[in-house]
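Participant: My questions will all concern the structure given below.
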Amino acid sequence: MDGLRRLWRRLAAYTAHDDPMASAANWIALVVAWNQPFYPLYLWGAVGTDKIAPSFLTFFSTPFFLAVPAVAKRHPLAARVMLALTGVANGIVSTKAFGVGSGVEIFLLPCALIGAALFRPSERAIGLVVIALSAAAHFIPARFFGEPLAGYTAADNSAMIGVNAVSAATLTVFIGLLLSGALANSEQRGGQAPRRK
């Protein structure tokens with residue numbers, strides 16, 4: 001139990017930031033990184049062990065998600081942009097890995113939500129770029145991705161759609177809850193990011 005408390009204190013210290021928006025981005029990044037190793041297990045339950053190998057490609061994004069809080073210590077805005085772009089890139093890689101029939105591109109919706117809500121009015125242009133990139137990634141033609149990296153059947157695709165829909169919905173709700181808290185904190189500060197000393 002003491003080990004868990006120490007781990008929690010370290011995570012809380014790593015994600016802590018005076019800027020509520022940066023703190024929210026830090027937690028989103030770490031929760032995504034924490035859940036990535038479990039994704040192959042979800043797929044194992046959905047499509048079997050012989051078709052989960054493509055899921056390991058998603059681990060290329062894990063170091064970038066884990067680095068978001070470290071970047072935020074020096075450049076909070078850059079960290080928020082990094083979170084969004086890593087999510088979009090991971091969505092593109094995942095669509096190539098599993099194919100458009102898997103429904104994995106639904107994870108671009110939380111990326112668009114980050115663009116819509118994690119940037120202040122003075123940063124609106126950046127948020128709109130994130131939203132545009134999320135939409136553009138969603139509308140990449142299927143022929144660009146080619147065949148998925150495993151022989152997924154229609155039944156496999158249906159199972160993956162279910163897994164991805166639940167996962168993306170859970171992530172979206174989590175992001176919404178974090179951002180509502182960040183908004184409340186930001187309003188208490190007068191809507192301004194803390195000044196860097």
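Residue numbering restarts at 1 in every chain; chains get A, B, ... in the order shown in the structure tokens, and ligands count up from 1 in that same order.
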Within 7 Å of range 84-97 of chain A, counting only C-alpha atoms, which residues qualify if same-chain residues fewer than 3 places away don't, as a PyMOL selection string?
Facilitator: chain A and resi 54+58+61+64+80-81+100+104-105+107-108+111+114+130+134+137+145+148-149
Participant: Residues within 10 Å of Leu128 in chain A, please, as a VMD selection string. Count only C-alpha atoms; anything in the same chain fewer than 5 positions from it doesn't count.
Facilitator: chain A and resid 112 115 to 116 119 123 133 to 134
Participant: Measuring atom to atom with only C-alpha atoms, identify which of A:Met1, A:Ile126, A:Leu83, A:Ala155 is nearest to Ser102 in chain A.
Facilitator: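 Smallest distance to Ser102 in chain A is found for A:Ala155.
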Participant: Counting only C-alpha atoms, what is within 12 Å of Ala169 in chain A, bar same-chain residues fewer than 2 positions away, as a list in words?
Facilitator: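 Residues near the query, excluding close chain neighbours: Val104, Ile106, Phe107, Leu108, Leu109, Pro110, Leu113, Ile161, Gly162, Val163, Asn164, Ala165, Val166, Ser167, Leu171, Thr172, Val173, Phe174, Ile175 and Gly176 of chain A.
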Participant: With C-alpha atoms retained, write the just-selected residues as a PDB file, in the first residue's frame.
Facilitator:
ATOM      1  CA  VAL A 104     -10.177   2.780 -34.795  1.00  0.00           C
ATOM      2  CA  ILE A 106     -12.999   7.025 -33.729  1.00  0.00           C
ATOM      3  CA  PHE A 107     -10.057   7.944 -31.475  1.00  0.00           C
ATOM      4  CA  LEU A 108      -9.680  11.076 -33.605  1.00  0.00           C
ATOM      5  CA  LEU A 109     -12.791  12.445 -31.887  1.00  0.00           C
ATOM      6  CA  PRO A 110     -11.030  12.904 -28.518  1.00  0.00           C
ATOM      7  CA  LEU A 113     -12.172  17.604 -28.457  1.00  0.00           C
ATOM      8  CA  ILE A 161     -15.532  -1.479 -33.526  1.00  0.00           C
ATOM      9  CA  GLY A 162     -17.160  -2.347 -30.210  1.00  0.00           C
ATOM     10  CA  VAL A 163     -13.849  -2.222 -28.311  1.00  0.00           C
ATOM     11  CA  ASN A 164     -12.781   1.038 -29.959  1.00  0.00           C
ATOM     12  CA  ALA A 165     -16.146   2.725 -29.476  1.00  0.00           C
ATOM     13  CA  VAL A 166     -16.228   1.957 -25.752  1.00  0.00           C
ATOM     14  CA  SER A 167     -12.578   2.977 -25.304  1.00  0.00           C
ATOM     15  CA  LEU A 171     -11.600   8.644 -23.007  1.00  0.00           C
ATOM     16  CA  THR A 172     -13.907  11.409 -24.245  1.00  0.00           C
ATOM     17  CA  VAL A 173     -15.844  11.442 -20.964  1.00  0.00           C
ATOM     18  CA  PHE A 174     -12.576  11.501 -18.997  1.00  0.00           C
ATOM     19  CA  ILE A 175     -11.289  14.418 -21.084  1.00  0.00           C
ATOM     20  CA  GLY A 176     -14.583  16.244 -20.607  1.00  0.00           C
TER      21      GLY A 176
END
Participant: What's the separation between CA of Pro37 in chain A and CA of Lys51 in chain A, in Å to one decimal place?
Facilitator: 15.7 Å
Participant: Which of these, A:Ala33, A:Leu4, A:Met21, A:Ala142, has the shortest distance to Gly181 in chain A once you count only C-alpha atoms?
Facilitator: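 The shortest atom-to-atom distance to Gly181 in chain A comes from A:Met21.
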Participant: Can you measure CA of Leu77 in chain A to CA of Ala22 in chain A for me? One decimal in Å is fine.
Facilitator: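 For CA of Leu77 in chain A relative to CA of Ala22 in chain A, the distance reads 7.5 Å.
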Participant: One number please: CA of Phe56 in chain A to CA of Thr153 in chain A, in Å, one decimal.
Facilitator: 19.5 Å
